[in-house]
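Q: Pasting structure-v7.cif here (mmCIF, C-alpha atoms):
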```cif
data_coords
#
loop_
_atom_site.group_PDB
_atom_site.id
_atom_site.type_symbol
_atom_site.label_atom_id
_atom_site.label_comp_id
_atom_site.auth_asym_id
_atom_site.auth_seq_id
_atom_site.Cartn_x
_atom_site.Cartn_y
_atom_site.Cartn_z
ATOM 1 C CA MET Z 14 161.118 105.360 106.871
ATOM 2 C CA TYR Z 15 160.498 109.040 107.619
ATOM 3 C CA ASP Z 16 157.778 109.996 110.085
ATOM 4 C CA GLN Z 17 155.088 112.308 108.768
ATOM 5 C CA LEU Z 18 154.199 115.504 110.553
ATOM 6 C CA PRO Z 19 150.652 115.532 111.958
ATOM 7 C CA LEU Z 20 149.214 118.858 110.890
ATOM 8 C CA GLU Z 21 145.820 120.385 111.431
ATOM 9 C CA GLY Z 22 144.172 122.244 108.605
ATOM 10 C CA MET Z 23 145.834 119.999 106.058
ATOM 11 C CA PRO Z 24 145.185 120.980 102.429
ATOM 12 C CA ARG Z 25 142.341 119.077 100.817
ATOM 13 C CA ARG Z 26 144.611 118.117 97.945
ATOM 14 C CA LEU Z 27 148.263 117.225 97.978
ATOM 15 C CA TYR Z 28 150.354 120.316 97.421
ATOM 16 C CA ALA Z 29 152.248 119.655 94.187
ATOM 17 C CA CYS Z 30 155.615 121.394 94.289
ATOM 18 C CA THR Z 31 159.319 121.372 93.646
ATOM 19 C CA PRO Z 32 162.033 122.258 96.160
ATOM 20 C CA SER Z 33 162.482 125.483 94.181
ATOM 21 C CA ARG Z 34 158.869 126.456 94.811
ATOM 22 C CA LEU Z 35 159.208 125.773 98.530
ATOM 23 C CA ASN Z 36 162.439 127.748 98.747
ATOM 24 C CA THR Z 37 160.883 130.667 96.887
ATOM 25 C CA TRP Z 38 158.142 130.833 99.515
ATOM 26 C CA LEU Z 39 160.780 130.873 102.237
ATOM 27 C CA ASP Z 40 162.936 133.487 100.495
ATOM 28 C CA CYS Z 41 160.310 136.030 99.424
ATOM 29 C CA ARG Z 42 156.548 135.679 99.322
ATOM 30 C CA ARG Z 43 156.134 138.463 96.807
ATOM 31 C CA ARG Z 44 158.484 136.718 94.402
ATOM 32 C CA TYR Z 45 156.525 133.515 95.047
ATOM 33 C CA ARG Z 46 153.312 135.242 94.013
ATOM 34 C CA PHE Z 47 154.905 136.754 90.903
ATOM 35 C CA THR Z 48 156.413 133.396 89.897
ATOM 36 C CA TYR Z 49 153.645 130.925 90.654
ATOM 37 C CA LEU Z 50 150.326 132.714 91.077
ATOM 38 C CA ASP Z 51 149.996 135.876 88.996
ATOM 39 C CA ARG Z 52 148.755 135.138 85.482
ATOM 40 C CA PRO Z 53 150.015 136.589 83.343
ATOM 41 C CA ALA Z 54 153.176 136.759 85.408
ATOM 42 C CA PRO Z 55 154.892 140.153 85.632
ATOM 43 C CA GLN Z 56 157.590 140.666 83.033
ATOM 44 C CA LYS Z 57 161.020 139.571 84.169
ATOM 45 C CA GLY Z 58 164.199 141.548 83.813
ATOM 46 C CA PRO Z 59 166.919 140.652 81.298
ATOM 47 C CA PRO Z 60 168.544 137.197 81.486
ATOM 48 C CA TRP Z 61 171.514 136.760 83.817
ATOM 49 C CA ALA Z 62 174.848 135.773 82.335
ATOM 50 C CA HIS Z 63 175.736 133.570 85.295
ATOM 51 C CA ASN Z 64 172.537 131.579 84.737
ATOM 52 C CA SER Z 65 173.454 131.131 81.086
ATOM 53 C CA LEU Z 66 176.897 129.899 82.077
ATOM 54 C CA GLY Z 67 175.484 127.510 84.660
ATOM 55 C CA ALA Z 68 172.916 126.086 82.258
ATOM 56 C CA SER Z 69 175.562 125.639 79.558
ATOM 57 C CA VAL Z 70 177.829 123.707 81.920
ATOM 58 C CA HIS Z 71 175.011 121.526 83.254
ATOM 59 C CA ASN Z 72 173.836 120.707 79.734
ATOM 60 C CA ALA Z 73 177.356 119.813 78.598
ATOM 61 C CA LEU Z 74 177.952 117.466 81.534
ATOM 62 C CA ALA Z 75 174.602 115.763 81.032
ATOM 63 C CA ALA Z 76 175.364 115.304 77.332
ATOM 64 C CA TRP Z 77 178.836 113.951 78.173
ATOM 65 C CA TRP Z 78 177.376 111.130 80.258
ATOM 66 C CA ARG Z 79 174.926 110.276 77.480
ATOM 67 C CA GLU Z 80 177.738 109.691 75.015
ATOM 68 C CA PRO Z 81 179.091 106.152 74.515
ATOM 69 C CA TYR Z 82 181.755 105.237 77.038
ATOM 70 C CA GLU Z 83 184.637 105.406 74.572
ATOM 71 C CA ARG Z 84 183.791 109.015 73.629
ATOM 72 C CA ARG Z 85 183.736 110.386 77.178
ATOM 73 C CA THR Z 86 186.933 112.435 77.140
ATOM 74 C CA PRO Z 87 187.781 115.877 78.526
ATOM 75 C CA VAL Z 88 188.151 117.124 74.957
ATOM 76 C CA LEU Z 89 184.609 116.031 74.134
ATOM 77 C CA ALA Z 90 183.305 117.841 77.220
ATOM 78 C CA GLY Z 91 184.765 121.084 75.896
ATOM 79 C CA ILE Z 92 183.266 120.472 72.457
ATOM 80 C CA LEU Z 93 179.826 119.773 73.907
ATOM 81 C CA LEU Z 94 180.014 122.955 75.957
ATOM 82 C CA THR Z 95 181.002 125.034 72.928
ATOM 83 C CA ASN Z 96 178.264 123.547 70.758
ATOM 84 C CA GLY Z 97 175.601 124.273 73.366
ATOM 85 C CA TRP Z 98 176.883 127.609 74.630
ATOM 86 C CA ILE Z 99 174.091 129.991 75.729
ATOM 87 C CA THR Z 100 174.985 133.608 74.950
ATOM 88 C CA GLU Z 101 172.204 135.469 76.792
ATOM 89 C CA GLY Z 102 173.071 138.053 79.431
ATOM 90 C CA TYR Z 103 176.676 138.804 78.565
ATOM 91 C CA ARG Z 104 177.892 142.342 78.056
ATOM 92 C CA ASP Z 105 179.098 141.622 74.546
ATOM 93 C CA ALA Z 106 180.544 138.915 72.323
ATOM 94 C CA GLN Z 107 183.999 139.391 73.795
ATOM 95 C CA GLN Z 108 182.828 138.725 77.335
ATOM 96 C CA SER Z 109 180.812 135.729 76.168
ATOM 97 C CA GLY Z 110 183.895 134.335 74.455
ATOM 98 C CA GLU Z 111 186.053 134.854 77.542
ATOM 99 C CA GLN Z 112 183.527 133.065 79.737
ATOM 100 C CA LEU Z 113 183.192 130.280 77.199
ATOM 101 C CA ALA Z 114 186.929 129.672 77.386
ATOM 102 C CA ARG Z 115 186.772 129.672 81.182
ATOM 103 C CA ALA Z 116 183.812 127.302 81.232
ATOM 104 C CA ARG Z 117 185.514 125.004 78.730
ATOM 105 C CA GLU Z 118 188.458 124.668 81.089
ATOM 106 C CA MET Z 119 186.008 124.011 83.903
ATOM 107 C CA VAL Z 120 184.222 121.093 82.274
ATOM 108 C CA SER Z 121 187.377 119.647 80.721
ATOM 109 C CA GLY Z 122 189.189 119.751 84.047
ATOM 110 C CA TYR Z 123 186.245 118.289 85.914
ATOM 111 C CA THR Z 124 185.620 115.409 83.524
ATOM 112 C CA ALA Z 125 189.328 114.573 83.654
ATOM 113 C CA THR Z 126 188.742 113.606 87.306
ATOM 114 C CA LEU Z 127 185.867 111.248 86.464
ATOM 115 C CA ASP Z 128 185.934 107.586 85.552
ATOM 116 C CA PRO Z 129 183.942 107.411 82.307
ATOM 117 C CA SER Z 130 183.158 103.755 82.942
ATOM 118 C CA ASP Z 131 181.523 104.524 86.306
ATOM 119 C CA GLU Z 132 178.018 104.759 84.885
ATOM 120 C CA PRO Z 133 175.650 106.960 86.946
ATOM 121 C CA VAL Z 134 172.287 105.643 88.002
ATOM 122 C CA GLY Z 135 170.751 108.756 86.513
ATOM 123 C CA VAL Z 136 171.676 112.010 84.796
ATOM 124 C CA GLU Z 137 169.212 114.908 84.921
ATOM 125 C CA ARG Z 138 166.877 112.386 86.498
ATOM 126 C CA THR Z 139 163.480 113.457 87.771
ATOM 127 C CA VAL Z 140 162.544 111.958 91.122
ATOM 128 C CA GLY Z 141 159.520 112.464 93.294
ATOM 129 C CA THR Z 142 157.720 111.315 96.390
ATOM 130 C CA ARG Z 143 154.473 111.871 98.256
ATOM 131 C CA THR Z 144 153.433 112.283 101.840
ATOM 132 C CA LYS Z 145 150.028 113.040 103.333
ATOM 133 C CA VAL Z 146 150.706 116.704 102.590
ATOM 134 C CA ILE Z 147 152.883 117.115 99.492
ATOM 135 C CA ALA Z 148 153.646 115.631 96.109
ATOM 136 C CA VAL Z 149 157.176 116.882 95.552
ATOM 137 C CA SER Z 150 159.414 116.299 92.566
ATOM 138 C CA GLY Z 151 162.656 117.627 91.170
ATOM 139 C CA ARG Z 152 165.535 116.876 88.851
ATOM 140 C CA ILE Z 153 168.895 115.625 90.090
ATOM 141 C CA ASP Z 154 172.028 116.627 88.194
ATOM 142 C CA ARG Z 155 173.532 113.202 88.754
ATOM 143 C CA LEU Z 156 172.691 110.170 90.863
ATOM 144 C CA ASP Z 157 175.579 107.821 91.634
ATOM 145 C CA ARG Z 158 175.734 104.395 93.203
ATOM 146 C CA ARG Z 159 178.537 103.985 95.734
ATOM 147 C CA GLY Z 160 178.576 100.493 97.181
ATOM 148 C CA ASP Z 161 175.114 99.688 98.502
ATOM 149 C CA GLU Z 162 173.902 103.306 98.599
ATOM 150 C CA LEU Z 163 172.954 106.102 96.235
ATOM 151 C CA VAL Z 164 174.604 109.529 96.291
ATOM 152 C CA VAL Z 165 173.011 112.772 95.089
ATOM 153 C CA VAL Z 166 175.438 114.950 93.113
ATOM 154 C CA ASP Z 167 174.697 118.611 92.399
ATOM 155 C CA TYR Z 168 176.921 120.757 90.168
ATOM 156 C CA LYS Z 169 177.707 124.324 91.180
ATOM 157 C CA THR Z 170 179.305 127.001 88.980
ATOM 158 C CA GLY Z 171 179.020 130.143 91.129
ATOM 159 C CA ARG Z 172 181.994 132.074 92.382
ATOM 160 C CA ARG Z 173 181.166 131.656 96.087
ATOM 161 C CA PRO Z 174 183.164 128.897 97.829
ATOM 162 C CA LEU Z 175 181.034 126.157 99.362
ATOM 163 C CA THR Z 176 181.082 124.528 102.796
ATOM 164 C CA PRO Z 177 179.651 121.257 104.119
ATOM 165 C CA ASP Z 178 176.923 123.348 105.736
ATOM 166 C CA ASP Z 179 175.659 124.230 102.261
ATOM 167 C CA ALA Z 180 175.130 120.529 101.612
ATOM 168 C CA ARG Z 181 173.735 119.835 105.081
ATOM 169 C CA SER Z 182 171.170 122.642 105.016
ATOM 170 C CA SER Z 183 169.936 122.170 101.446
ATOM 171 C CA LEU Z 184 166.242 121.304 101.460
ATOM 172 C CA ALA Z 185 166.430 120.344 97.790
ATOM 173 C CA LEU Z 186 169.270 117.847 98.216
ATOM 174 C CA ALA Z 187 167.540 116.209 101.169
ATOM 175 C CA ILE Z 188 164.285 115.886 99.230
ATOM 176 C CA TYR Z 189 166.169 114.395 96.278
ATOM 177 C CA ALA Z 190 167.808 111.838 98.560
ATOM 178 C CA ILE Z 191 164.476 110.815 100.066
ATOM 179 C CA ALA Z 192 162.752 110.610 96.684
ATOM 180 C CA ALA Z 193 165.579 108.657 95.057
ATOM 181 C CA SER Z 194 165.679 106.196 97.940
ATOM 182 C CA ARG Z 195 161.949 105.568 97.753
ATOM 183 C CA MET Z 196 161.760 105.318 93.972
ATOM 184 C CA LEU Z 197 164.761 103.020 93.569
ATOM 185 C CA ARG Z 198 164.333 101.184 96.881
ATOM 186 C CA THR Z 199 167.958 101.831 97.736
ATOM 187 C CA PRO Z 200 169.330 103.765 100.722
ATOM 188 C CA CYS Z 201 170.457 107.313 99.955
ATOM 189 C CA HIS Z 202 171.952 109.465 102.691
ATOM 190 C CA LYS Z 203 174.948 111.247 101.148
ATOM 191 C CA VAL Z 204 174.600 114.483 99.181
ATOM 192 C CA GLU Z 205 177.459 116.220 97.388
ATOM 193 C CA LEU Z 206 178.058 119.653 95.897
ATOM 194 C CA HIS Z 207 180.656 119.646 93.128
ATOM 195 C CA HIS Z 208 182.062 123.165 92.725
ATOM 196 C CA LEU Z 209 183.447 123.222 89.205
ATOM 197 C CA PRO Z 210 185.374 126.529 89.389
ATOM 198 C CA THR Z 211 187.614 125.136 92.151
ATOM 199 C CA GLY Z 212 187.184 121.386 91.671
ATOM 200 C CA GLU Z 213 186.184 121.142 95.332
ATOM 201 C CA ILE Z 214 183.606 118.606 96.513
ATOM 202 C CA VAL Z 215 181.698 119.237 99.717
ATOM 203 C CA GLU Z 216 179.480 116.512 101.105
ATOM 204 C CA TRP Z 217 177.097 115.704 103.894
ATOM 205 C CA GLU Z 218 176.026 112.320 105.234
ATOM 206 C CA HIS Z 219 172.423 112.558 106.388
ATOM 207 C CA THR Z 220 170.782 110.274 108.881
ATOM 208 C CA ASP Z 221 167.211 109.051 108.629
ATOM 209 C CA GLU Z 222 166.418 111.560 111.370
ATOM 210 C CA SER Z 223 167.948 114.552 109.568
ATOM 211 C CA LEU Z 224 166.198 113.623 106.333
ATOM 212 C CA GLY Z 225 162.966 113.345 108.265
ATOM 213 C CA ARG Z 226 163.457 116.838 109.668
ATOM 214 C CA HIS Z 227 163.891 118.229 106.160
ATOM 215 C CA LEU Z 228 160.770 116.451 104.981
ATOM 216 C CA ARG Z 229 158.725 117.771 107.883
ATOM 217 C CA ARG Z 230 160.041 121.257 107.154
ATOM 218 C CA ALA Z 231 158.942 120.872 103.533
ATOM 219 C CA GLU Z 232 155.465 119.879 104.738
ATOM 220 C CA GLU Z 233 155.264 122.896 107.040
ATOM 221 C CA VAL Z 234 156.197 125.241 104.208
ATOM 222 C CA ALA Z 235 153.737 123.507 101.889
ATOM 223 C CA VAL Z 236 150.853 124.008 104.311
ATOM 224 C CA GLU Z 237 151.597 127.741 104.532
ATOM 225 C CA ALA Z 238 151.962 128.137 100.781
ATOM 226 C CA ALA Z 239 148.889 126.052 99.960
ATOM 227 C CA GLU Z 240 146.732 128.157 102.275
ATOM 228 C CA ALA Z 241 148.072 131.332 100.643
ATOM 229 C CA ASP Z 242 147.422 129.872 97.190
ATOM 230 C CA GLU Z 243 143.811 129.144 98.113
ATOM 231 C CA ARG Z 244 143.257 132.637 99.511
ATOM 232 C CA PHE Z 245 144.734 134.097 96.339
ATOM 233 C CA ARG Z 246 142.376 132.054 94.164
ATOM 234 C CA ASP Z 247 139.502 133.412 96.273
ATOM 235 C CA GLY Z 248 140.599 136.967 95.530
ATOM 236 C CA ASP Z 249 142.615 137.716 98.676
ATOM 237 C CA THR Z 250 146.000 139.037 97.521
ATOM 238 C CA GLY Z 251 147.313 139.799 101.002
ATOM 239 C CA GLY Z 252 150.033 137.868 102.751
ATOM 240 C CA PHE Z 253 152.614 138.163 100.001
ATOM 241 C CA GLU Z 254 154.911 140.726 101.579
ATOM 242 C CA PRO Z 255 158.444 141.074 100.214
ATOM 243 C CA SER Z 256 161.589 140.189 102.145
ATOM 244 C CA PRO Z 257 163.884 143.097 101.262
ATOM 245 C CA GLY Z 258 167.613 142.451 101.423
ATOM 246 C CA PRO Z 259 170.816 142.095 99.414
ATOM 247 C CA LEU Z 260 169.344 139.379 97.191
ATOM 248 C CA CYS Z 261 166.894 141.920 95.785
ATOM 249 C CA SER Z 262 169.715 143.041 93.491
ATOM 250 C CA TRP Z 263 169.391 139.727 91.663
ATOM 251 C CA CYS Z 264 165.612 139.332 91.600
ATOM 252 C CA ASP Z 265 163.994 138.792 88.201
ATOM 253 C CA PHE Z 266 161.020 140.875 89.346
ATOM 254 C CA ARG Z 267 162.950 143.781 90.823
ATOM 255 C CA ARG Z 268 161.287 146.327 88.533
ATOM 256 C CA HIS Z 269 157.889 145.491 90.070
ATOM 257 C CA CYS Z 270 158.992 145.799 93.707
ATOM 258 C CA PRO Z 271 159.677 149.264 95.197
ATOM 259 C CA GLU Z 272 160.830 147.719 98.487
ATOM 260 C CA GLY Z 273 163.380 145.589 96.676
ATOM 261 C CA GLN Z 274 164.661 148.549 94.682
ATOM 262 C CA ALA Z 275 165.170 150.477 97.901
ATOM 263 C CA ALA Z 276 166.860 147.567 99.683
ATOM 264 C CA ALA Z 277 169.696 146.822 97.257
ATOM 265 C CA PRO Z 278 171.359 148.396 94.217
ATOM 266 C CA GLU Z 279 170.562 147.337 90.678
ATOM 267 C CA ARG Z 280 172.970 144.839 89.112
ATOM 268 C CA ARG Z 281 173.998 144.418 85.509
ATOM 269 C CA PRO Z 282 173.209 141.038 83.964
ATOM 270 C CA TRP Z 283 176.889 140.016 83.998
ATOM 271 C CA ASP Z 284 177.860 141.278 87.456
ATOM 272 C CA ALA Z 285 177.821 137.835 89.105
ATOM 273 C CA LEU Z 286 180.425 136.380 86.777
ATOM 274 C CA SER Z 287 183.829 135.424 88.110
ATOM 275 C CA THR Z 288 186.504 137.485 86.403
#
```
As structure tokens, what does this structure read like?
A:
Amino acid sequence: MYDQLPLEGMPRRLYACTPSRLNTWLDCRRRYRFTYLDRPAPQKGPPWAHNSLGASVHNALAAWWREPYERRTPVLAGILLTNGWITEGYRDAQQSGEQLARAREMVSGYTATLDPSDEPVGVERTVGTRTKVIAVSGRIDRLDRRGDELVVVDYKTGRRPLTPDDARSSLALAIYAIAASRMLRTPCHKVELHHLPTGEIVEWEHTDESLGRHLRRAEEVAVEAAEADERFRDGDTGGFEPSPGPLCSWCDFRRHCPEGQAAAPERRPWDALST
């Protein structure tokens, strides 16, 4: 369905990756090296509270869908969240408790909008696909069937409002749509971001052409990263320059990057929480 990009100097082996790995290469090559190549990897900073909150919410929603139909209530969603609450990264127990209460309202309110009998095709489902260049895989928060097509659903818990452009430009969501369509032999063009703090849903309807562009972009990135990986294995550690900017405040490897420290101020582990 999607045309492959003819590329010279193609890696000898398929580049095995996730969308996260590809995006890390695009965002910062030094962080890519620290994350995927250096062994042992440099020590990370302390855990982030917003990541703990996001993981707790994702886990609770996945568990909610795995419950029998008759148990899928908003009250149960709050109970599942509480039982699986991750406490890492918060300032103290009081802040953790406040965010737990906020997150409980989030999942209870969100599940109240769902039809518990509308069984998803998959929850936390791993999908993957191959081209002549890459073997890419990833895990979808939820995969729905709407009529004759599949829809990729991704949960978001951050404080930043979302726009349809976030859905349109997401390499990960496009890859998930392609992989799901190929694996299940069912068309998949729509991707959705469900922003739990506001209850807002932003969506994008891809075409075969736009999905193909994302796939070709993934192949281009994979060729660059695979060549860098091979040079690194041969002892050449060049080509992994940082990309200093505001996001350096939130980098797990900030302590190992002087350029990142100079580019943006240090953040406390709970600074990204909505208050």
Q: List the spatial neighbours of Z:Leu27 as a ChimeraX atom specification - criterion: any atom at most 9 Å away, all atoms listed in the file, same-chain residues fewer than 4 positions off excluded.
A: /Z:23,143-148
Q: Once the PyMOL selection byres ((chain Z and resi 270) around 10) is applied to the coordinates I shared, what remains selected? I want it as a count of residues only.
A: 15
Q: I'd like to know which of Z:Trp77, Z:Gln112, Z:His227, Z:Asp178 is closest to Z:Pro133, using only C-alpha atoms.
A: Z:Trp77
Q: Name all residues at most 12 Å from Z:Glu118 (count only C-alpha atoms; drop same-chain ones fewer than 3 positions away) and give them as number ranges by chain.
A: Z: 70, 87-92, 94-95, 111-115, 121-125, 209-212
Q: Counting only C-alpha atoms, which of Z:Trp38, Z:Phe47, Z:Tyr103, Z:Tyr189 gets nearest to Z:Pro59?
A: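 Smallest distance to Z:Pro59 is found for Z:Tyr103.
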Q: On this structure, the PyMOL selection byres ((chain Z and resi 158) around 12) would catch which residues? List them as a PyMOL selection string, sorted by chain and number.
A: chain Z and resi 131-135+155-157+159-166+193-194+197+199-204
Q: Could you check which of Z:Val234, Z:Leu260, Z:Ala73, Z:Leu35 is closest to Z:Asp154, using all atoms listed in the file?
A: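 So, comparing all the options, the nearest one is Z:Ala73.
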Q: First collect every listed atom of stretch 197-205 of chain Z; then fit an axis-aligned box around them, widen it by 6 Å on each side, and give centre and edge lengths in Å to one decimal, as lines of an AutoDock Vina configuration file.
A:
```
center_x = 170.9
center_y = 108.7
center_z = 98.1
size_x = 25.1
size_y = 27.0
size_z = 21.1
```
Q: Please write the residues picked by the PyMOL selection byres ((chain Z and resi 214) around 10) on this file as JSON, numbers by chain.
A: {"Z": [166, 167, 168, 169, 175, 176, 177, 205, 206, 207, 208, 209, 211, 212, 213, 215, 216]}
Q: Calculated over all atoms listed in the file, which of the candidates Z:Ser182, Z:Ser65, Z:Thr31, Z:Thr250 has the smallest distance to Z:Gly141?
A: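 Of the candidates, the smallest distance to Z:Gly141 is held by Z:Thr31.
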Q: Would you mind telling me which residue in Z:Leu286, Z:Thr139, Z:Asp247, Z:Cys30 lies nearest to Z:Ser109 when using only C-alpha atoms?
A: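 Smallest separation from Z:Ser109 among the options: Z:Leu286.
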Q: Would you compute the distance between atom CA of Z:Thr126 and atom CA of Z:Ala285? Give it in Å to one decimal.
A: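 These atoms are spaced 26.6 Å apart.
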